[in-house]
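S.K.: Shown below is the structure under consideration.
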Amino acid sequence: MAPLTTLGIGGPARWFVEAASEGEVAEACECARERGVPLFVLGGGSNVLVSDSGFNGLVLRVAIESLELKGELLRASAGVAWERCVEQSTIAGLAGIECLAGIPGTVGGTPVQNVGAYGQEVASVIDRVRAFDRMAHEFVEFSNAECGFAYRKSRFNSTDRGRYVVTQVDYRLRRRGAPALAYGDLKAYFREWKRQPSLTEVADAVREIRRSKGMLLVKGDPDCRSAGSFFKNPAIVPEAAERVRKFAAHTGVSVRMFAADGGRVKIPAAWLIEHAGFAKGYAMGAAGISSRHTLALINRGGATSAEILALAGKIRKAVEDKFGIKLEMEPERVGF
Ligand code: NAP
């Protein structure tokens, strides 16, 4: 499976099917059920860590690729590259996903983890999600409210994990909507501009910011042989935030913190990792840390999943020992 992932790591799938229609998705699910084999749904492979021994089951790649724009509604099949959606909508002057430019992966994954970045998330534009229900063996549709969206979360990756295979998503965008320019990095990018940037200019700016962090897939760029952010940015309790603040004051460094739900505090995981002793470009065998963003673990060439996990374990331990904060891994683990 290595060539199907952005990390370029992973042993073989016992069975593999690429489904080009909803009928083939249903057939693949039935096939796995009848034989009692586990099923893993693969999208763009940009947020997975596949075991060196591979996956002893059926890997289903949803490759349905239709994209349709009608008025303010963008209807995309699960196998469409997400970046195509951003391109088409911004060119058409439709606002709502311009800050989600440059994200690798496919449409099918977007409602699952409520993909978000630079001040926008898909939950604010998703109108309907169509999926195959592996329990009821039928296609079902969910309204936005039925998806159970929260920060990087939905029913599809929580209460109903593994139950549904997303085949199509409708995004409700806004014609003549202003671009979202709330995020610090973006505001800084446009600080000197005398006019409001267009949607395509905002999307391009996001791509450039992502590229500067090694978070844009660019052929030949060793920093993007990764699964994007390897750890979630944690939302910590106020006491833990206070400990971090004291550490920062004591060592004379600054730290950015943001209010999160339930009185918690969001803190950049990259900051914690750096101050636990890991610099950008850190290497441990063939596994390493991106030279442009401490949050991305990279395959420096020929790395195994075991090496990546060993480095991740070392980082987690150091952060926990120093700050008492447990970092959670973001990519999905397959075949472990
Ligand atoms: P960053 O800009 O260094 O931010 C780190 C953390 O600080 C994030 O939790 C971010 O919240 C928060 N933050 C920054 N500015 C904020 C503001 N003005 N108001 C509230 N919170 C703020 O992040 P990064 O690691 O380089 O990632 C860049 C963007 O990509 C972030 O938005 C991140 O969430 C997103 N991302 C998303 C996924 C995903 O959907 N699975 C994966 C990787 C990265 P937010 O997370 O709410 O932005």
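Residues are named by chain letter and number: chains run A, B, ... in the order of the structure tokens, numbers start at 1 in each chain, and ligands are numbered from 1 in the order shown.
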Let me see if you get this right: every residue at most 7 Å from ligand 1, counting only C-alpha atoms and all ligand atoms, written as a PDB file with N, CA, C and O atoms, in the first residue's frame.
M.R.:
```pdb
ATOM      1  N   GLN A 113     -13.682  13.637   9.037  1.00  0.00           N
ATOM      2  CA  GLN A 113     -12.960  14.320  10.129  1.00  0.00           C
ATOM      3  C   GLN A 113     -13.281  15.810  10.179  1.00  0.00           C
ATOM      4  O   GLN A 113     -12.557  16.572  10.822  1.00  0.00           O
ATOM      5  N   ASN A 114     -14.354  16.216   9.513  1.00  0.00           N
ATOM      6  CA  ASN A 114     -14.698  17.641   9.472  1.00  0.00           C
ATOM      7  C   ASN A 114     -13.440  18.458   9.235  1.00  0.00           C
ATOM      8  O   ASN A 114     -13.001  19.241  10.088  1.00  0.00           O
ATOM      9  N   VAL A 115     -12.875  18.237   8.062  1.00  0.00           N
ATOM     10  CA  VAL A 115     -11.617  18.879   7.703  1.00  0.00           C
ATOM     11  C   VAL A 115     -11.710  20.394   7.871  1.00  0.00           C
ATOM     12  O   VAL A 115     -12.705  21.017   7.486  1.00  0.00           O
ATOM     13  N   GLY A 116     -10.694  20.950   8.460  1.00  0.00           N
ATOM     14  CA  GLY A 116     -10.685  22.397   8.681  1.00  0.00           C
ATOM     15  C   GLY A 116      -9.268  22.922   8.676  1.00  0.00           C
ATOM     16  O   GLY A 116      -8.327  22.171   8.942  1.00  0.00           O
ATOM     17  N   ALA A 117      -9.126  24.165   8.351  1.00  0.00           N
ATOM     18  CA  ALA A 117      -7.808  24.802   8.400  1.00  0.00           C
ATOM     19  C   ALA A 117      -7.958  26.291   8.140  1.00  0.00           C
ATOM     20  O   ALA A 117      -8.886  26.708   7.446  1.00  0.00           O
ATOM     21  N   TYR A 118      -7.043  27.066   8.711  1.00  0.00           N
ATOM     22  CA  TYR A 118      -6.964  28.504   8.462  1.00  0.00           C
ATOM     23  C   TYR A 118      -8.307  29.212   8.634  1.00  0.00           C
ATOM     24  O   TYR A 118      -8.676  30.092   7.857  1.00  0.00           O
ATOM     25  N   GLY A 119      -9.067  28.759   9.627  1.00  0.00           N
ATOM     26  CA  GLY A 119     -10.282  29.467  10.006  1.00  0.00           C
ATOM     27  C   GLY A 119     -11.572  28.988   9.351  1.00  0.00           C
ATOM     28  O   GLY A 119     -12.621  29.587   9.570  1.00  0.00           O
ATOM     29  N   ARG A 152     -13.011  18.803  14.128  1.00  0.00           N
ATOM     30  CA  ARG A 152     -12.326  17.639  13.502  1.00  0.00           C
ATOM     31  C   ARG A 152     -13.037  16.324  13.812  1.00  0.00           C
ATOM     32  O   ARG A 152     -12.398  15.269  13.908  1.00  0.00           O
ATOM     33  N   ALA A 182      -9.727  35.388   8.831  1.00  0.00           N
ATOM     34  CA  ALA A 182      -9.692  35.511  10.287  1.00  0.00           C
ATOM     35  C   ALA A 182      -8.386  34.980  10.880  1.00  0.00           C
ATOM     36  O   ALA A 182      -7.975  35.389  11.957  1.00  0.00           O
ATOM     37  N   TYR A 183      -7.752  34.093  10.174  1.00  0.00           N
ATOM     38  CA  TYR A 183      -6.597  33.385  10.741  1.00  0.00           C
ATOM     39  C   TYR A 183      -5.336  34.254  10.705  1.00  0.00           C
ATOM     40  O   TYR A 183      -5.089  34.954   9.713  1.00  0.00           O
ATOM     41  N   GLY A 184      -4.541  34.174  11.755  1.00  0.00           N
ATOM     42  CA  GLY A 184      -3.349  35.006  11.895  1.00  0.00           C
ATOM     43  C   GLY A 184      -2.428  34.964  10.676  1.00  0.00           C
ATOM     44  O   GLY A 184      -2.042  36.014  10.144  1.00  0.00           O
ATOM     45  N   ASP A 185      -2.090  33.752  10.228  1.00  0.00           N
ATOM     46  CA  ASP A 185      -1.166  33.601   9.088  1.00  0.00           C
ATOM     47  C   ASP A 185      -1.694  34.314   7.848  1.00  0.00           C
ATOM     48  O   ASP A 185      -0.948  34.928   7.086  1.00  0.00           O
ATOM     49  N   GLY A 228       0.878  14.784   6.799  1.00  0.00           N
ATOM     50  CA  GLY A 228       0.458  16.091   7.316  1.00  0.00           C
ATOM     51  C   GLY A 228       0.779  16.166   8.800  1.00  0.00           C
ATOM     52  O   GLY A 228       1.782  15.606   9.252  1.00  0.00           O
ATOM     53  N   SER A 229      -0.088  16.816   9.553  1.00  0.00           N
ATOM     54  CA  SER A 229       0.150  16.900  11.001  1.00  0.00           C
ATOM     55  C   SER A 229       0.083  15.498  11.591  1.00  0.00           C
ATOM     56  O   SER A 229      -0.901  14.798  11.398  1.00  0.00           O
ATOM     57  N   ASN A 233      -3.535  19.159  17.484  1.00  0.00           N
ATOM     58  CA  ASN A 233      -3.263  20.289  18.372  1.00  0.00           C
ATOM     59  C   ASN A 233      -4.145  20.085  19.606  1.00  0.00           C
ATOM     60  O   ASN A 233      -5.370  20.039  19.477  1.00  0.00           O
ATOM     61  N   PRO A 234      -3.551  19.929  20.781  1.00  0.00           N
ATOM     62  CA  PRO A 234      -4.379  19.565  21.938  1.00  0.00           C
ATOM     63  C   PRO A 234      -5.181  20.728  22.522  1.00  0.00           C
ATOM     64  O   PRO A 234      -4.753  21.879  22.450  1.00  0.00           O
ATOM     65  N   MET A 257      -1.810  30.831  22.705  1.00  0.00           N
ATOM     66  CA  MET A 257      -2.872  29.969  23.220  1.00  0.00           C
ATOM     67  C   MET A 257      -4.211  30.536  22.779  1.00  0.00           C
ATOM     68  O   MET A 257      -4.353  31.756  22.652  1.00  0.00           O
ATOM     69  N   PHE A 258      -5.183  29.662  22.554  1.00  0.00           N
ATOM     70  CA  PHE A 258      -6.494  30.098  22.068  1.00  0.00           C
ATOM     71  C   PHE A 258      -7.594  29.408  22.867  1.00  0.00           C
ATOM     72  O   PHE A 258      -7.446  28.235  23.239  1.00  0.00           O
ATOM     73  N   ALA A 259      -8.688  30.129  23.071  1.00  0.00           N
ATOM     74  CA  ALA A 259      -9.807  29.534  23.819  1.00  0.00           C
ATOM     75  C   ALA A 259     -10.450  28.418  23.000  1.00  0.00           C
ATOM     76  O   ALA A 259     -10.642  28.548  21.799  1.00  0.00           O
ATOM     77  N   LYS A 266      -6.532  25.831  23.523  1.00  0.00           N
ATOM     78  CA  LYS A 266      -5.821  25.204  22.400  1.00  0.00           C
ATOM     79  C   LYS A 266      -4.391  25.700  22.395  1.00  0.00           C
ATOM     80  O   LYS A 266      -4.144  26.895  22.548  1.00  0.00           O
ATOM     81  N   ILE A 267      -3.475  24.774  22.207  1.00  0.00           N
ATOM     82  CA  ILE A 267      -2.070  25.172  22.184  1.00  0.00           C
ATOM     83  C   ILE A 267      -1.400  24.445  21.013  1.00  0.00           C
ATOM     84  O   ILE A 267      -1.683  23.268  20.792  1.00  0.00           O
ATOM     85  N   PRO A 268      -0.566  25.135  20.241  1.00  0.00           N
ATOM     86  CA  PRO A 268       0.045  24.451  19.096  1.00  0.00           C
ATOM     87  C   PRO A 268       0.923  23.271  19.529  1.00  0.00           C
ATOM     88  O   PRO A 268       1.855  23.430  20.331  1.00  0.00           O
ATOM     89  N   ALA A 269       0.601  22.094  18.998  1.00  0.00           N
ATOM     90  CA  ALA A 269       1.393  20.899  19.325  1.00  0.00           C
ATOM     91  C   ALA A 269       2.843  21.098  18.897  1.00  0.00           C
ATOM     92  O   ALA A 269       3.769  20.617  19.558  1.00  0.00           O
ATOM     93  N   ALA A 270       3.033  21.831  17.785  1.00  0.00           N
ATOM     94  CA  ALA A 270       4.398  22.053  17.290  1.00  0.00           C
ATOM     95  C   ALA A 270       5.254  22.766  18.353  1.00  0.00           C
ATOM     96  O   ALA A 270       6.421  22.452  18.546  1.00  0.00           O
ATOM     97  N   LEU A 295       5.363  19.591  13.348  1.00  0.00           N
ATOM     98  CA  LEU A 295       4.218  18.700  13.546  1.00  0.00           C
ATOM     99  C   LEU A 295       4.166  17.563  12.526  1.00  0.00           C
ATOM    100  O   LEU A 295       3.398  16.619  12.679  1.00  0.00           O
TER     101      LEU A 295
END
```
S.K.: List every residue of stretch 167-321 of chain A that DSSP, applied to the backbone, labels as helix (DSSP H, G or I), and write the result as a VMD selection string.
M.R.: chain A and resid 184 to 189 199 to 212 222 to 224 238 to 251 261 to 263 269 to 275 305 to 321
S.K.: My list of candidates is A:Asp321, A:Asp204, A:Glu307, A:Glu34. Which is closest to A:Gly277 when distances are computed with only C-alpha atoms?
M.R.: A:Asp321
S.K.: Can you list, as a list of chain:residue names, every protein, DNA or RNA residue that comes within 9 Å of A:Leu181 when you count only C-alpha atoms, leaving out same-chain residues fewer than 4 positions away?
M.R.: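 What passes the distance filter is A:Cys99, A:Tyr118, A:Gly119, A:Leu186, A:Lys187, A:Phe190, A:Val202.
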S.K.: Would you give me, as a PyMOL selection string, the residues in stretch 212-320 of chain A that DSSP reads as strand (DSSP E or B)?
M.R.: chain A and resi 226+231+235-236+258-259+265-266+283-284+287-289+297-299
S.K.: Can you spit out the residues from that selection as a JSON list (two decimals), in the first residue's frame, using N, CA and C atoms?
M.R.:
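Saved to part_10.json:
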```json
[["chain", "number", "residue", "atom", "x", "y", "z"],
["A", 226, "SER", "N", 4.90, 12.86, 4.06],
["A", 226, "SER", "CA", 4.39, 12.82, 5.43],
["A", 226, "SER", "C", 2.90, 12.53, 5.41],
["A", 231, "PHE", "N", 0.35, 14.89, 14.90],
["A", 231, "PHE", "CA", -0.35, 14.96, 16.19],
["A", 231, "PHE", "C", -1.45, 16.01, 16.10],
["A", 235, "ALA", "N", -6.35, 20.39, 23.06],
["A", 235, "ALA", "CA", -7.14, 21.36, 23.82],
["A", 235, "ALA", "C", -7.00, 20.92, 25.28],
["A", 236, "ILE", "N", -6.26, 21.71, 26.04],
["A", 236, "ILE", "CA", -5.88, 21.27, 27.39],
["A", 236, "ILE", "C", -6.68, 21.99, 28.48],
["A", 258, "PHE", "N", -5.18, 29.66, 22.55],
["A", 258, "PHE", "CA", -6.49, 30.10, 22.07],
["A", 258, "PHE", "C", -7.59, 29.41, 22.87],
["A", 259, "ALA", "N", -8.69, 30.13, 23.07],
["A", 259, "ALA", "CA", -9.81, 29.53, 23.82],
["A", 259, "ALA", "C", -10.45, 28.42, 23.00],
["A", 265, "VAL", "N", -8.12, 25.10, 26.54],
["A", 265, "VAL", "CA", -7.20, 26.02, 25.86],
["A", 265, "VAL", "C", -6.47, 25.26, 24.75],
["A", 266, "LYS", "N", -6.53, 25.83, 23.52],
["A", 266, "LYS", "CA", -5.82, 25.20, 22.40],
["A", 266, "LYS", "C", -4.39, 25.70, 22.40],
["A", 283, "ALA", "N", 16.25, 13.87, 13.08],
["A", 283, "ALA", "CA", 16.20, 12.56, 12.40],
["A", 283, "ALA", "C", 16.45, 11.43, 13.38],
["A", 284, "MET", "N", 15.74, 10.34, 13.16],
["A", 284, "MET", "CA", 15.96, 9.12, 13.95],
["A", 284, "MET", "C", 15.89, 7.98, 12.94],
["A", 287, "ALA", "N", 13.26, 7.76, 9.85],
["A", 287, "ALA", "CA", 12.12, 8.60, 10.23],
["A", 287, "ALA", "C", 12.66, 9.96, 10.67],
["A", 288, "GLY", "N", 11.85, 10.99, 10.51],
["A", 288, "GLY", "CA", 12.33, 12.29, 10.93],
["A", 288, "GLY", "C", 11.21, 13.29, 11.10],
["A", 289, "ILE", "N", 11.61, 14.51, 11.44],
["A", 289, "ILE", "CA", 10.67, 15.62, 11.55],
["A", 289, "ILE", "C", 10.94, 16.54, 10.36],
["A", 297, "LEU", "N", 5.76, 14.34, 10.78],
["A", 297, "LEU", "CA", 6.81, 13.33, 10.76],
["A", 297, "LEU", "C", 6.98, 12.88, 9.32],
["A", 298, "ILE", "N", 8.21, 12.70, 8.91],
["A", 298, "ILE", "CA", 8.44, 12.36, 7.50],
["A", 298, "ILE", "C", 9.18, 11.03, 7.35],
["A", 299, "ASN", "N", 8.98, 10.45, 6.17],
["A", 299, "ASN", "CA", 9.73, 9.28, 5.75],
["A", 299, "ASN", "C", 10.94, 9.82, 4.99]]
```
S.K.: So the first atom is atom CA of A:Gln168 and the second is atom CA of A:Val25; what is the distance between them in Å, to one decimal place?
M.R.: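 Interatomic distance here is 11.8 Å.
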S.K.: I'd like the contact shell of A:Arg176 - 12 Å cut-off, only C-alpha atoms, skipping same-chain residues fewer than 6 positions apart - returned as a PDB file with N, CA, C and O atoms, in the first residue's frame.
M.R.:
```pdb
ATOM      1  N   GLY A  71     -25.549  26.421  -9.533  1.00  0.00           N
ATOM      2  CA  GLY A  71     -25.835  27.563  -8.665  1.00  0.00           C
ATOM      3  C   GLY A  71     -24.807  27.609  -7.546  1.00  0.00           C
ATOM      4  O   GLY A  71     -23.605  27.604  -7.794  1.00  0.00           O
ATOM      5  N   GLU A  72     -25.287  27.570  -6.299  1.00  0.00           N
ATOM      6  CA  GLU A  72     -24.359  27.638  -5.170  1.00  0.00           C
ATOM      7  C   GLU A  72     -24.055  26.250  -4.598  1.00  0.00           C
ATOM      8  O   GLU A  72     -23.416  26.131  -3.554  1.00  0.00           O
ATOM      9  N   SER A  89     -14.619  26.026  -7.175  1.00  0.00           N
ATOM     10  CA  SER A  89     -15.512  26.940  -6.471  1.00  0.00           C
ATOM     11  C   SER A  89     -14.929  28.347  -6.409  1.00  0.00           C
ATOM     12  O   SER A  89     -15.650  29.331  -6.576  1.00  0.00           O
ATOM     13  N   THR A  90     -13.625  28.455  -6.182  1.00  0.00           N
ATOM     14  CA  THR A  90     -13.045  29.809  -6.090  1.00  0.00           C
ATOM     15  C   THR A  90     -13.076  30.486  -7.461  1.00  0.00           C
ATOM     16  O   THR A  90     -13.396  31.674  -7.557  1.00  0.00           O
ATOM     17  N   ILE A  91     -12.795  29.729  -8.516  1.00  0.00           N
ATOM     18  CA  ILE A  91     -12.842  30.317  -9.870  1.00  0.00           C
ATOM     19  C   ILE A  91     -14.268  30.769 -10.189  1.00  0.00           C
ATOM     20  O   ILE A  91     -14.492  31.808 -10.804  1.00  0.00           O
ATOM     21  N   ALA A  92     -15.250  30.012  -9.708  1.00  0.00           N
ATOM     22  CA  ALA A  92     -16.655  30.359  -9.973  1.00  0.00           C
ATOM     23  C   ALA A  92     -17.156  31.476  -9.053  1.00  0.00           C
ATOM     24  O   ALA A  92     -18.328  31.862  -9.119  1.00  0.00           O
ATOM     25  N   GLY A  93     -16.300  31.958  -8.168  1.00  0.00           N
ATOM     26  CA  GLY A  93     -16.694  33.055  -7.279  1.00  0.00           C
ATOM     27  C   GLY A  93     -17.580  32.608  -6.127  1.00  0.00           C
ATOM     28  O   GLY A  93     -18.392  33.378  -5.616  1.00  0.00           O
ATOM     29  N   LEU A  94     -17.418  31.356  -5.719  1.00  0.00           N
ATOM     30  CA  LEU A  94     -18.224  30.844  -4.604  1.00  0.00           C
ATOM     31  C   LEU A  94     -17.369  30.723  -3.352  1.00  0.00           C
ATOM     32  O   LEU A  94     -16.326  30.044  -3.350  1.00  0.00           O
ATOM     33  N   ALA A  95     -17.810  31.389  -2.285  1.00  0.00           N
ATOM     34  CA  ALA A  95     -17.030  31.398  -1.042  1.00  0.00           C
ATOM     35  C   ALA A  95     -17.433  30.250  -0.124  1.00  0.00           C
ATOM     36  O   ALA A  95     -18.542  29.720  -0.217  1.00  0.00           O
ATOM     37  N   GLY A  96     -16.536  29.897   0.776  1.00  0.00           N
ATOM     38  CA  GLY A  96     -16.862  28.891   1.792  1.00  0.00           C
ATOM     39  C   GLY A  96     -15.771  27.878   2.034  1.00  0.00           C
ATOM     40  O   GLY A  96     -15.650  27.325   3.125  1.00  0.00           O
ATOM     41  N   SER A 198      -9.316  38.488  -3.726  1.00  0.00           N
ATOM     42  CA  SER A 198     -10.383  37.649  -4.276  1.00  0.00           C
ATOM     43  C   SER A 198     -10.286  36.253  -3.651  1.00  0.00           C
ATOM     44  O   SER A 198      -9.304  35.921  -2.971  1.00  0.00           O
ATOM     45  N   LEU A 199     -11.297  35.434  -3.928  1.00  0.00           N
ATOM     46  CA  LEU A 199     -11.297  34.071  -3.386  1.00  0.00           C
ATOM     47  C   LEU A 199     -10.100  33.274  -3.906  1.00  0.00           C
ATOM     48  O   LEU A 199      -9.459  32.533  -3.158  1.00  0.00           O
TER      49      LEU A 199
END
```
S.K.: Can you pull out the residues contacting A:Arg161? Cut-off 9 Å, using only C-alpha atoms, and skip same-chain residues under 5 positions away; I want them as a list of chain:residue names.
M.R.: A:Val112, A:Arg155, A:Phe156
S.K.: Measuring atom to atom with only C-alpha atoms, identify which of A:Gly10, A:Ala286, A:Ala20, A:Glu242 is nearest to A:Pro222.
M.R.: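 Closest to A:Pro222, using only C-alpha atoms: A:Ala286.
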S.K.: If I take atom CA of A:Lys153 and atom CA of A:Val169, how far is one from the other in Å, to one decimal?
M.R.: 16.1 Å
S.K.: Nearest to A:Arg243: which of A:Ser51, A:Ala260, A:Cys224, A:Gly324 is it, counting only C-alpha atoms?
M.R.: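 Using only C-alpha atoms, the shortest distance to A:Arg243 belongs to A:Gly324.
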S.K.: Using only C-alpha atoms, determine which residues lie at most 8 Å from A:Ser305, disregarding the query and same-chain residues fewer than 4 positions distant; provide the list as a list in words.
M.R.: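 Result of the neighbour search: Ile9, Gly10, Leu49, Val50, Ser51, Asp52 and Leu309 of chain A.
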S.K.: Let me make sure I understand: among A:Trp82, A:Tyr189, A:Trp15, A:Phe149, which one has the smallest atom-to-atom distance to A:Glu65 if we use only C-alpha atoms?
M.R.: A:Trp82
S.K.: Expressed in Å to a single decimal, how great is the separation between atom CA of A:Gly45 and atom CA of A:Gly105?
M.R.: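 For atom CA of A:Gly45 relative to atom CA of A:Gly105, the distance reads 6.7 Å.
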S.K.: Rank A:Leu58, A:Lys326, A:Ala306, A:Gly8 by their smallest atom-to-atom distance to A:Glu30, using only C-alpha atoms, and report the top residue only.
M.R.: A:Leu58
